[in-house]
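Structure first, then comments.
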Amino acid sequence: MRQFHKLEIEVSAQALDGSEQDSILVKNGRSTIKMGSLDIVLGLLPSNSEVQVIAFGTVNNETVHKLSNTIRNSHVFVTIDLSHATELSRVSNTPFAKNQRLRAIIFPCNLVYINPGALEDCTALEEVNIPQTVLKIGINAFAGCTNLKSIYFEDVQNWLSVDNLKQENEIQDLSNPIKNPSKFTSTNSEYYGCLLYKKA
């Protein structure tokens, strides 16, 4: 069965909230087709296909929650690219937590805060990209992400951890994306249960 490893789906905020029809672009190599809704597109794909969803435009919290629910209820694995989304500096609650269909996530380029438990128990998650605008990462944001292979920090400088005793410690090295998951994901990890923030 064909797995569509290179399938790209471009979706606008207007398409996700239903105000714009036939505005989802599905790209597979040289071919591009327009479709009406993301859940229909994902529903047409073979089970366990790997696809990339690129969201763009003015994306708000409601849009992010809808997007996550659509991915959660699908039967494919999704890399979600929010780097083109605008005006989203903080995501309310934890819409992506326990999402077993999330393969990778690129956070919005103007995000400043990642919530506690934001990606907790996303067991299919393999890659996370954190933009340089992020100033704080909540406790256990990556806890239970047992297959996480890479956490890429665009800015690796001046990060501190705060443990449950309120003690601050300088984080020495976040420059190796492949080594970073071992610092956060399990109860034995160095920064498990710590708040992370960037020193001004």
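In the structure tokens, chains take the letters A, B, ... in the order shown, each chain's residues start at 1, and ligands count up from 1 in the order shown.
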Selection near A:Asn73, 9 Å with only C-alpha atoms, sequence-local residues under 4 positions removed, as a PDB file with C-alpha atoms, in the first residue's frame:
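Wrote it out as result_36.pdb, contents follow:
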ATOM      1  CA  ASP A  39     -10.229  15.737   7.802  1.00  0.00           C
ATOM      2  CA  SER A  68      -4.762  18.983  16.719  1.00  0.00           C
ATOM      3  CA  ASN A  69      -8.134  17.246  17.030  1.00  0.00           C
ATOM      4  CA  ARG A 101      -0.637  10.760  15.469  1.00  0.00           C
TER       5      ARG A 101
END
Practice prompt. As a ChimeraX atom specification, please: all residues of stretch 4-126 of chain A that backbone DSSP puts in strand (DSSP E).
Written response: /A:7-12,24-28,31-35,50-58,77-86,102-106,113-114
Fill in: Shell of 12 Å around A:Gln100, only C-alpha atoms, local chain residues under 6 positions omitted, as a VMD selection string
chain A and resid 48 68 to 79 119 to 126 144 to 147
Given the selection you just returned, output its residues as a file containing C-alpha atoms, formatted as an mmCIF file, in the first residue's frame.
data_model
loop_
_atom_site.group_PDB
_atom_site.id
_atom_site.type_symbol
_atom_site.label_atom_id
_atom_site.label_comp_id
_atom_site.auth_asym_id
_atom_site.auth_seq_id
_atom_site.Cartn_x
_atom_site.Cartn_y
_atom_site.Cartn_z
ATOM 1 C CA ASN A 48 -0.115 5.102 8.765
ATOM 2 C CA SER A 68 -4.762 18.983 16.719
ATOM 3 C CA ASN A 69 -8.134 17.246 17.030
ATOM 4 C CA THR A 70 -8.216 16.594 13.284
ATOM 5 C CA ILE A 71 -4.751 15.017 13.476
ATOM 6 C CA ARG A 72 -5.651 13.049 16.621
ATOM 7 C CA ASN A 73 -8.724 11.551 14.943
ATOM 8 C CA SER A 74 -6.909 10.595 11.745
ATOM 9 C CA HIS A 75 -5.215 7.298 10.879
ATOM 10 C CA VAL A 76 -2.020 8.899 9.475
ATOM 11 C CA PHE A 77 1.141 10.268 11.070
ATOM 12 C CA VAL A 78 1.494 14.027 10.736
ATOM 13 C CA THR A 79 4.379 16.471 10.841
ATOM 14 C CA LEU A 119 3.635 17.394 24.217
ATOM 15 C CA GLU A 120 3.363 14.934 27.098
ATOM 16 C CA ASP A 121 2.891 11.284 26.120
ATOM 17 C CA CYS A 122 3.036 11.922 22.372
ATOM 18 C CA THR A 123 4.551 8.486 21.858
ATOM 19 C CA ALA A 124 4.861 8.745 18.052
ATOM 20 C CA LEU A 125 6.621 12.119 18.251
ATOM 21 C CA GLU A 126 10.158 12.058 16.825
ATOM 22 C CA GLY A 144 6.679 10.458 28.071
ATOM 23 C CA CYS A 145 7.714 11.164 24.464
ATOM 24 C CA THR A 146 9.400 7.770 24.304
ATOM 25 C CA ASN A 147 10.331 7.918 20.605
#
Worksheet item: Hey, what's within 7 Å of stretch 161-171 of chain A if we count only C-alpha atoms and toss same-chain stuff fewer than 3 positions away? As a VMD selection string, please?
Response: chain A and resid 193 to 197
Expected file contents, prior selection, N, CA and C atoms, as a compact mmCIF listing (two decimals), in the first residue's frame:
# COMPACT_ATOMS: atom_id res chain seq x y z
N GLY A 193 10.83 17.40 35.12
CA GLY A 193 10.19 18.08 36.25
C GLY A 193 10.71 19.49 36.48
N CYS A 194 11.49 20.02 35.55
CA CYS A 194 12.05 21.38 35.69
C CYS A 194 11.37 22.35 34.74
N LEU A 195 11.26 23.57 35.22
CA LEU A 195 10.87 24.69 34.36
C LEU A 195 12.12 25.19 33.67
N LEU A 196 12.03 25.50 32.39
CA LEU A 196 13.17 26.04 31.66
C LEU A 196 12.84 27.46 31.24
N TYR A 197 13.80 28.34 31.38
CA TYR A 197 13.59 29.68 30.87
C TYR A 197 14.89 30.28 30.40
Discussion item. Just list as a PyMOL selection string whatever in stretch 37-175 of chain A DSSP marks as alpha helix (DSSP H).
Written reply: chain A and resi 38-44+61-72
Item to complete: Quote the spacing between atom CA of A:Val91 and atom CA of A:Val64 in Å to one decimal place.
Response: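 Here the two named atoms are 7.7 Å from each other.
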Item to complete: Can you work out which one of A:Thr94, A:Asn158, A:Gln52, A:Thr32 has the shortest atom-to-atom distance to A:Leu82, counting only C-alpha atoms?
Response: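 Ranking A:Thr94, A:Asn158, A:Gln52, A:Thr32 by distance to A:Leu82, first place goes to A:Gln52.
Counting only C-alpha atoms, the residue from A:Asp173, A:Glu10, A:Glu190, A:Glu50 that sits nearest to A:Ser37 is A:Glu10.
Candidate residues A:Arg30, A:Lys183, A:His65, A:Lys199 were compared for distance to A:Ala13, and the nearest is A:His65, using only C-alpha atoms.
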